[in-house]
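Right, one structure below, let's go through it.
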Amino acid sequence: QNDVQDSGSLPTLRLLQIEKFGDGKMEISSSVSLGLQACGDTTHVPDAAYKELVDVVFDVLLQQKDETAIEGSTGLSKLEQGVLKEVYASLCTLTLHAAQHDTDVVNLTSLLEECKLTPDRCQIYTDAYAARKNDLRALLSSTAARFPHVVDVNWRLDYYIKNNHVEKVNQPVYLLSLKTQDCGQSGTSDVQFACTVEQLQDMVGKLKDAVKCMDKLATS
(Lines give C-alpha, C1' and ligand atoms only; values in the text may rest on other atoms or scores of the structure.)
Protein backbone atom coordinates (compact mmCIF):
# COMPACT_ATOMS: atom_id res chain seq x y z
CA GLN A 1 0.00 0.00 0.00
CA ASN A 2 1.31 3.43 -0.91
CA ASP A 3 0.82 5.71 2.04
CA VAL A 4 2.64 7.61 4.73
CA GLN A 5 4.05 5.64 7.62
CA ASP A 6 3.05 6.83 11.07
CA SER A 7 6.01 5.88 13.21
CA GLY A 8 6.80 8.33 15.96
CA SER A 9 6.86 12.10 15.82
CA LEU A 10 9.00 12.47 12.71
CA PRO A 11 7.21 12.33 9.35
CA THR A 12 9.12 9.29 8.14
CA LEU A 13 7.61 8.27 4.82
CA ARG A 14 7.20 5.55 2.30
CA LEU A 15 7.29 7.21 -1.14
CA LEU A 16 3.88 7.57 -2.68
CA GLN A 17 2.93 6.35 -6.12
CA ILE A 18 3.65 8.59 -9.08
CA GLU A 19 4.00 8.04 -12.80
CA LYS A 20 5.64 9.94 -15.63
CA PHE A 21 4.62 9.72 -19.25
CA GLY A 22 6.79 10.05 -22.33
CA ASP A 23 5.73 13.61 -23.14
CA GLY A 24 7.28 14.83 -19.88
CA LYS A 25 3.98 15.34 -18.11
CA MET A 26 3.75 13.68 -14.72
CA GLU A 27 0.57 11.98 -13.63
CA ILE A 28 0.33 11.81 -9.85
CA SER A 29 -1.67 9.51 -7.60
CA SER A 30 -4.54 10.75 -5.48
CA SER A 31 -2.36 10.45 -2.35
CA VAL A 32 0.28 12.80 -3.75
CA SER A 33 -2.36 15.14 -5.15
CA LEU A 34 -4.07 15.49 -1.78
CA GLY A 35 -0.75 16.20 -0.10
CA LEU A 36 0.14 18.87 -2.65
CA GLN A 37 -3.29 20.43 -2.32
CA ALA A 38 -2.69 20.64 1.43
CA CYS A 39 0.60 22.43 0.63
CA GLY A 40 -1.41 25.07 -1.17
CA ASP A 41 -3.93 25.54 1.65
CA THR A 42 -2.86 28.44 3.88
CA THR A 43 -5.16 27.22 6.65
CA HIS A 44 -3.08 24.03 6.86
CA VAL A 45 0.34 25.40 5.85
CA PRO A 46 0.95 29.13 6.38
CA ASP A 47 3.28 30.97 4.02
CA ALA A 48 6.28 30.96 6.37
CA ALA A 49 5.87 27.26 7.13
CA TYR A 50 5.59 26.43 3.42
CA LYS A 51 8.93 28.10 2.66
CA GLU A 52 10.56 26.20 5.53
CA LEU A 53 8.97 22.97 4.31
CA VAL A 54 10.41 23.33 0.81
CA ASP A 55 13.86 24.10 2.21
CA VAL A 56 13.77 21.11 4.56
CA VAL A 57 12.62 18.74 1.80
CA PHE A 58 15.60 19.59 -0.40
CA ASP A 59 18.06 19.64 2.52
CA VAL A 60 16.94 16.18 3.69
CA LEU A 61 16.89 14.65 0.20
CA LEU A 62 20.38 16.01 -0.48
CA GLN A 63 21.51 14.57 2.87
CA GLN A 64 22.54 17.99 4.12
CA LYS A 65 20.22 17.57 7.11
CA ASP A 66 18.32 14.71 8.65
CA GLU A 67 14.64 14.68 9.57
CA THR A 68 15.31 16.03 13.05
CA ALA A 69 15.49 19.39 11.27
CA ILE A 70 11.70 19.22 11.06
CA GLU A 71 11.38 19.08 14.84
CA GLY A 72 13.78 21.99 15.14
CA SER A 73 11.81 24.15 12.74
CA THR A 74 9.67 26.76 14.50
CA GLY A 75 7.17 27.02 11.67
CA LEU A 76 6.82 23.31 10.90
CA SER A 77 6.54 22.23 14.54
CA LYS A 78 3.33 24.26 14.77
CA LEU A 79 1.63 22.29 11.99
CA GLU A 80 -0.79 19.50 12.81
CA GLN A 81 1.25 16.29 12.72
CA GLY A 82 -1.03 14.46 10.30
CA VAL A 83 -0.89 17.37 7.84
CA LEU A 84 2.89 17.66 8.23
CA LYS A 85 3.39 13.98 7.41
CA GLU A 86 1.15 14.26 4.35
CA VAL A 87 2.69 17.39 2.84
CA TYR A 88 6.26 16.29 3.58
CA ALA A 89 5.75 12.87 1.98
CA SER A 90 4.08 14.35 -1.09
CA LEU A 91 6.77 16.98 -1.70
CA CYS A 92 9.56 14.43 -1.20
CA THR A 93 7.89 12.03 -3.63
CA LEU A 94 7.33 14.71 -6.24
CA THR A 95 10.86 16.05 -5.93
CA LEU A 96 12.61 12.70 -6.22
CA HIS A 97 10.62 11.54 -9.23
CA ALA A 98 10.87 14.91 -10.96
CA ALA A 99 14.66 14.92 -10.55
CA GLN A 100 14.96 11.27 -11.58
CA HIS A 101 13.11 11.93 -14.86
CA ASP A 102 14.65 15.38 -15.42
CA THR A 103 11.22 17.02 -15.42
CA ASP A 104 11.35 20.66 -16.45
CA VAL A 105 10.02 23.65 -14.50
CA VAL A 106 7.17 24.25 -16.96
CA ASN A 107 5.64 20.82 -16.39
CA LEU A 108 6.17 21.04 -12.64
CA THR A 109 4.49 24.44 -12.51
CA SER A 110 1.53 23.12 -14.47
CA LEU A 111 1.18 20.18 -12.09
CA LEU A 112 1.38 22.38 -8.99
CA GLU A 113 -1.20 24.78 -10.41
CA GLU A 114 -3.54 21.84 -10.98
CA CYS A 115 -3.12 21.06 -7.27
CA LYS A 116 -4.32 24.60 -6.44
CA LEU A 117 -0.98 26.07 -5.37
CA THR A 118 -0.75 29.83 -5.79
CA PRO A 119 1.72 31.29 -8.30
CA ASP A 120 3.93 32.45 -5.41
CA ARG A 121 4.09 28.96 -3.91
CA CYS A 122 4.73 27.40 -7.30
CA GLN A 123 7.60 29.85 -7.78
CA ILE A 124 9.13 29.07 -4.38
CA TYR A 125 9.17 25.35 -5.13
CA THR A 126 10.32 25.53 -8.76
CA ASP A 127 13.12 28.00 -7.88
CA ALA A 128 14.41 25.56 -5.27
CA TYR A 129 14.02 22.65 -7.69
CA ALA A 130 15.83 24.41 -10.54
CA ALA A 131 18.69 25.42 -8.26
CA ARG A 132 19.22 21.95 -6.81
CA LYS A 133 18.01 19.55 -9.49
CA ASN A 134 21.50 18.78 -10.78
CA ASP A 135 22.71 17.97 -7.26
CA LEU A 136 19.72 15.68 -6.76
CA ARG A 137 20.30 13.90 -10.05
CA ALA A 138 23.98 13.40 -9.21
CA LEU A 139 23.07 11.95 -5.83
CA LEU A 140 20.43 9.67 -7.33
CA SER A 141 22.94 8.46 -9.92
CA SER A 142 25.56 7.68 -7.29
CA THR A 143 23.15 5.78 -5.06
CA ALA A 144 21.24 3.89 -7.74
CA ALA A 145 21.54 0.11 -7.89
CA ARG A 146 24.03 -0.92 -10.56
CA PHE A 147 24.12 -4.54 -11.63
CA PRO A 148 27.08 -6.17 -13.43
CA HIS A 149 26.62 -6.34 -17.19
CA VAL A 150 27.61 -9.11 -19.57
CA VAL A 151 30.63 -8.24 -21.73
CA ASP A 152 31.41 -11.61 -23.29
CA VAL A 153 30.20 -15.23 -23.50
CA ASN A 154 32.19 -18.44 -23.82
CA TRP A 155 30.57 -21.81 -24.42
CA ARG A 156 31.44 -25.44 -24.92
CA LEU A 157 29.34 -28.39 -26.01
CA ASP A 158 29.91 -31.63 -24.13
CA TYR A 159 28.27 -34.99 -24.57
CA TYR A 160 27.36 -36.82 -21.40
CA ILE A 161 27.22 -40.61 -21.66
CA LYS A 162 26.71 -41.40 -17.98
CA ASN A 163 25.88 -39.47 -14.84
CA ASN A 164 27.27 -39.81 -11.32
CA HIS A 165 24.91 -42.70 -10.62
CA VAL A 166 26.39 -44.67 -13.53
CA GLU A 167 23.15 -44.35 -15.44
CA LYS A 168 23.18 -43.83 -19.18
CA VAL A 169 22.36 -40.25 -20.16
CA ASN A 170 23.49 -39.88 -23.76
CA GLN A 171 22.63 -36.21 -24.18
CA PRO A 172 24.51 -33.05 -25.16
CA VAL A 173 25.05 -30.39 -22.48
CA TYR A 174 26.16 -26.82 -23.03
CA LEU A 175 28.66 -25.30 -20.61
CA LEU A 176 28.39 -21.52 -20.62
CA SER A 177 30.58 -18.88 -19.01
CA LEU A 178 29.25 -15.31 -18.90
CA LYS A 179 31.92 -12.70 -18.37
CA THR A 180 30.47 -9.84 -16.32
CA GLN A 181 31.83 -6.45 -15.38
CA ASP A 182 30.79 -4.07 -12.61
CA CYS A 183 30.21 -0.44 -13.56
CA GLY A 184 33.41 1.55 -13.27
CA GLN A 185 35.58 -1.55 -12.83
CA SER A 186 38.14 -2.88 -15.30
CA GLY A 187 38.19 -6.52 -14.16
CA THR A 188 35.66 -9.20 -15.05
CA SER A 189 34.00 -12.07 -13.21
CA ASP A 190 32.68 -15.37 -14.52
CA VAL A 191 29.18 -16.75 -14.10
CA GLN A 192 29.25 -20.39 -15.13
CA PHE A 193 26.40 -22.83 -15.62
CA ALA A 194 25.37 -25.90 -17.60
CA CYS A 195 22.15 -26.43 -19.50
CA THR A 196 20.51 -28.78 -21.96
CA VAL A 197 19.69 -27.85 -25.53
CA GLU A 198 16.05 -27.23 -24.54
CA GLN A 199 17.06 -25.02 -21.61
CA LEU A 200 19.43 -23.03 -23.80
CA GLN A 201 16.72 -22.53 -26.43
CA ASP A 202 14.33 -21.35 -23.71
CA MET A 203 16.91 -18.87 -22.39
CA VAL A 204 17.66 -17.52 -25.87
CA GLY A 205 13.93 -17.08 -26.51
CA LYS A 206 13.50 -15.11 -23.31
CA LEU A 207 16.50 -12.92 -24.12
CA LYS A 208 15.01 -12.15 -27.53
CA ASP A 209 11.73 -11.20 -25.83
CA ALA A 210 13.66 -8.89 -23.50
CA VAL A 211 15.40 -7.24 -26.45
CA LYS A 212 12.02 -6.64 -28.15
CA CYS A 213 10.68 -5.01 -24.97
CA MET A 214 13.71 -2.73 -24.77
CA ASP A 215 13.33 -1.78 -28.44
CA LYS A 216 9.68 -0.86 -27.85
CA LEU A 217 10.61 1.28 -24.84
CA ALA A 218 13.36 3.02 -26.81
CA THR A 219 11.01 3.92 -29.67
CA SER A 220 7.93 4.82 -27.57
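By order of appearance in the C-alpha coordinates: chains A, B, ..., then residues from 1 within every chain, and ligands from 1 in the order shown.
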(message) I'd like the neighbourhood of Ser189 of chain A as JSON, numbers by chain, where a residue qualifies if any of its atoms comes within 8 Å (using only C-alpha atoms), though same-chain residues fewer than 6 positions away should be ignored.
(response) {"A": [179, 180, 181]}
As a PDB file with N, CA and C atoms, in the first residue's frame, please: all residues of segment 43-209 of chain A that backbone DSSP puts in strand (DSSP E).
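The file below, selection_25.pdb, is the result:
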```pdb
ATOM      1  N   HIS A 149      27.146  -6.082 -15.861  1.00  0.00           N
ATOM      2  CA  HIS A 149      26.616  -6.340 -17.190  1.00  0.00           C
ATOM      3  C   HIS A 149      27.521  -7.331 -17.932  1.00  0.00           C
ATOM      4  N   VAL A 150      26.903  -8.067 -18.824  1.00  0.00           N
ATOM      5  CA  VAL A 150      27.612  -9.111 -19.566  1.00  0.00           C
ATOM      6  C   VAL A 150      28.448  -8.474 -20.675  1.00  0.00           C
ATOM      7  N   VAL A 151      29.748  -8.802 -20.707  1.00  0.00           N
ATOM      8  CA  VAL A 151      30.633  -8.236 -21.728  1.00  0.00           C
ATOM      9  C   VAL A 151      31.115  -9.295 -22.721  1.00  0.00           C
ATOM     10  N   ASP A 152      30.973 -10.565 -22.362  1.00  0.00           N
ATOM     11  CA  ASP A 152      31.408 -11.615 -23.287  1.00  0.00           C
ATOM     12  C   ASP A 152      30.793 -12.956 -22.847  1.00  0.00           C
ATOM     13  N   VAL A 153      30.748 -13.898 -23.789  1.00  0.00           N
ATOM     14  CA  VAL A 153      30.200 -15.227 -23.504  1.00  0.00           C
ATOM     15  C   VAL A 153      31.116 -16.281 -24.113  1.00  0.00           C
ATOM     16  N   ASN A 154      31.469 -17.276 -23.319  1.00  0.00           N
ATOM     17  CA  ASN A 154      32.191 -18.442 -23.819  1.00  0.00           C
ATOM     18  C   ASN A 154      31.316 -19.676 -23.615  1.00  0.00           C
ATOM     19  N   TRP A 155      31.379 -20.611 -24.572  1.00  0.00           N
ATOM     20  CA  TRP A 155      30.565 -21.813 -24.421  1.00  0.00           C
ATOM     21  C   TRP A 155      31.303 -23.034 -24.965  1.00  0.00           C
ATOM     22  N   ARG A 156      30.875 -24.177 -24.449  1.00  0.00           N
ATOM     23  CA  ARG A 156      31.440 -25.438 -24.915  1.00  0.00           C
ATOM     24  C   ARG A 156      30.337 -26.490 -24.913  1.00  0.00           C
ATOM     25  N   LEU A 157      30.326 -27.321 -25.914  1.00  0.00           N
ATOM     26  CA  LEU A 157      29.337 -28.390 -26.010  1.00  0.00           C
ATOM     27  C   LEU A 157      29.980 -29.710 -25.618  1.00  0.00           C
ATOM     28  N   ASP A 158      29.436 -30.315 -24.571  1.00  0.00           N
ATOM     29  CA  ASP A 158      29.912 -31.628 -24.133  1.00  0.00           C
ATOM     30  C   ASP A 158      28.815 -32.666 -24.353  1.00  0.00           C
ATOM     31  N   TYR A 159      29.239 -33.894 -24.404  1.00  0.00           N
ATOM     32  CA  TYR A 159      28.275 -34.985 -24.569  1.00  0.00           C
ATOM     33  C   TYR A 159      28.402 -35.933 -23.377  1.00  0.00           C
ATOM     34  N   TYR A 160      27.349 -35.979 -22.597  1.00  0.00           N
ATOM     35  CA  TYR A 160      27.357 -36.821 -21.403  1.00  0.00           C
ATOM     36  C   TYR A 160      26.828 -38.218 -21.733  1.00  0.00           C
ATOM     37  N   ILE A 161      27.634 -39.221 -21.439  1.00  0.00           N
ATOM     38  CA  ILE A 161      27.218 -40.606 -21.665  1.00  0.00           C
ATOM     39  C   ILE A 161      26.588 -41.189 -20.408  1.00  0.00           C
ATOM     40  N   LYS A 162      27.231 -40.912 -19.247  1.00  0.00           N
ATOM     41  CA  LYS A 162      26.706 -41.403 -17.977  1.00  0.00           C
ATOM     42  C   LYS A 162      26.729 -40.291 -16.951  1.00  0.00           C
ATOM     43  N   LYS A 168      22.972 -44.376 -17.842  1.00  0.00           N
ATOM     44  CA  LYS A 168      23.178 -43.832 -19.181  1.00  0.00           C
ATOM     45  C   LYS A 168      22.363 -42.550 -19.362  1.00  0.00           C
ATOM     46  N   VAL A 169      23.020 -41.536 -19.906  1.00  0.00           N
ATOM     47  CA  VAL A 169      22.361 -40.250 -20.164  1.00  0.00           C
ATOM     48  C   VAL A 169      22.272 -40.009 -21.662  1.00  0.00           C
ATOM     49  N   ASN A 170      23.429 -40.056 -22.308  1.00  0.00           N
ATOM     50  CA  ASN A 170      23.492 -39.879 -23.762  1.00  0.00           C
ATOM     51  C   ASN A 170      22.780 -38.614 -24.237  1.00  0.00           C
ATOM     52  N   GLN A 171      23.222 -37.475 -23.725  1.00  0.00           N
ATOM     53  CA  GLN A 171      22.632 -36.214 -24.181  1.00  0.00           C
ATOM     54  C   GLN A 171      23.689 -35.108 -24.187  1.00  0.00           C
ATOM     55  N   PRO A 172      23.564 -34.173 -25.117  1.00  0.00           N
ATOM     56  CA  PRO A 172      24.512 -33.050 -25.159  1.00  0.00           C
ATOM     57  C   PRO A 172      24.192 -32.045 -24.054  1.00  0.00           C
ATOM     58  N   VAL A 173      25.210 -31.416 -23.517  1.00  0.00           N
ATOM     59  CA  VAL A 173      25.054 -30.392 -22.476  1.00  0.00           C
ATOM     60  C   VAL A 173      25.954 -29.213 -22.832  1.00  0.00           C
ATOM     61  N   TYR A 174      25.387 -28.033 -22.782  1.00  0.00           N
ATOM     62  CA  TYR A 174      26.157 -26.820 -23.032  1.00  0.00           C
ATOM     63  C   TYR A 174      26.731 -26.287 -21.726  1.00  0.00           C
ATOM     64  N   LEU A 175      28.007 -25.957 -21.742  1.00  0.00           N
ATOM     65  CA  LEU A 175      28.659 -25.304 -20.605  1.00  0.00           C
ATOM     66  C   LEU A 175      28.921 -23.853 -20.996  1.00  0.00           C
ATOM     67  N   LEU A 176      28.287 -22.937 -20.285  1.00  0.00           N
ATOM     68  CA  LEU A 176      28.395 -21.517 -20.621  1.00  0.00           C
ATOM     69  C   LEU A 176      29.110 -20.752 -19.520  1.00  0.00           C
ATOM     70  N   SER A 177      29.888 -19.775 -19.932  1.00  0.00           N
ATOM     71  CA  SER A 177      30.579 -18.883 -19.007  1.00  0.00           C
ATOM     72  C   SER A 177      30.309 -17.443 -19.444  1.00  0.00           C
ATOM     73  N   LEU A 178      29.552 -16.718 -18.620  1.00  0.00           N
ATOM     74  CA  LEU A 178      29.253 -15.314 -18.902  1.00  0.00           C
ATOM     75  C   LEU A 178      30.292 -14.450 -18.209  1.00  0.00           C
ATOM     76  N   LYS A 179      30.966 -13.623 -18.963  1.00  0.00           N
ATOM     77  CA  LYS A 179      31.925 -12.696 -18.366  1.00  0.00           C
ATOM     78  C   LYS A 179      31.183 -11.399 -18.041  1.00  0.00           C
ATOM     79  N   THR A 180      31.189 -11.026 -16.766  1.00  0.00           N
ATOM     80  CA  THR A 180      30.468  -9.837 -16.324  1.00  0.00           C
ATOM     81  C   THR A 180      31.434  -8.801 -15.782  1.00  0.00           C
ATOM     82  N   GLN A 181      30.993  -7.557 -15.840  1.00  0.00           N
ATOM     83  CA  GLN A 181      31.830  -6.451 -15.380  1.00  0.00           C
ATOM     84  C   GLN A 181      30.983  -5.472 -14.592  1.00  0.00           C
ATOM     85  N   SER A 189      34.295 -10.879 -13.993  1.00  0.00           N
ATOM     86  CA  SER A 189      34.000 -12.068 -13.209  1.00  0.00           C
ATOM     87  C   SER A 189      33.271 -13.067 -14.107  1.00  0.00           C
ATOM     88  N   ASP A 190      33.319 -14.322 -13.732  1.00  0.00           N
ATOM     89  CA  ASP A 190      32.681 -15.372 -14.519  1.00  0.00           C
ATOM     90  C   ASP A 190      31.443 -15.900 -13.814  1.00  0.00           C
ATOM     91  N   VAL A 191      30.378 -16.059 -14.581  1.00  0.00           N
ATOM     92  CA  VAL A 191      29.184 -16.747 -14.101  1.00  0.00           C
ATOM     93  C   VAL A 191      29.031 -17.990 -14.965  1.00  0.00           C
ATOM     94  N   GLN A 192      29.223 -19.149 -14.362  1.00  0.00           N
ATOM     95  CA  GLN A 192      29.246 -20.388 -15.134  1.00  0.00           C
ATOM     96  C   GLN A 192      28.042 -21.259 -14.800  1.00  0.00           C
ATOM     97  N   PHE A 193      27.511 -21.909 -15.829  1.00  0.00           N
ATOM     98  CA  PHE A 193      26.397 -22.830 -15.616  1.00  0.00           C
ATOM     99  C   PHE A 193      26.308 -23.799 -16.791  1.00  0.00           C
ATOM    100  N   ALA A 194      25.580 -24.891 -16.565  1.00  0.00           N
ATOM    101  CA  ALA A 194      25.370 -25.901 -17.599  1.00  0.00           C
ATOM    102  C   ALA A 194      23.883 -25.994 -17.913  1.00  0.00           C
ATOM    103  N   CYS A 195      23.557 -26.301 -19.136  1.00  0.00           N
ATOM    104  CA  CYS A 195      22.148 -26.429 -19.500  1.00  0.00           C
ATOM    105  C   CYS A 195      21.998 -27.371 -20.695  1.00  0.00           C
ATOM    106  N   THR A 196      20.813 -27.911 -20.825  1.00  0.00           N
ATOM    107  CA  THR A 196      20.513 -28.780 -21.963  1.00  0.00           C
ATOM    108  C   THR A 196      20.188 -27.917 -23.178  1.00  0.00           C
TER     109      THR A 196
END
```
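The two atoms in question, atom CA of Thr68 of chain A and atom CA of Asp120 of chain A, are spaced 27.2 Å apart.
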(message) Could you check the closest approach to Asp104 of chain A for each of A:Phe147, A:Tyr129, A:Phe58, A:Tyr88 and tell me which residue wins, using only C-alpha atoms?
(response) A:Tyr129
(message) My list of candidates is A:Thr126, A:Gln199, A:Ser110, A:Ser90. Which is closest to Leu34 of chain A when distances are computed with only C-alpha atoms?
(response)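 So, comparing all the options, the nearest one is A:Ser90.
In terms of minimum interatomic distance to Leu94 of chain A, A:Asn107 ranks closest within A:Asn107, A:Asn134, A:Ser142, A:Thr219, counting only C-alpha atoms.
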(request) Considering only C-alpha atoms, return as a PyMOL selection string whatever protein or nucleic-acid residues lie within 7 Å of segment 36-44 of chain A, sequence-local ones (same chain, fewer than 2 positions apart) excluded. (result) chain A and resi 32-34+46-47+50+87+90-91+115-118
(request) Would you please work out which residue, of A:Leu61, A:Val204, A:Val54, A:Ala210, is nearest to His97 of chain A when using only C-alpha atoms? (result) A:Leu61
(message) To one decimal place in Å, what is the distance between atom CA of Gly35 of chain A and atom CA of Glu86 of chain A?
(response)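 One can read the atom CA of Gly35 of chain A to atom CA of Glu86 of chain A distance as 5.2 Å.
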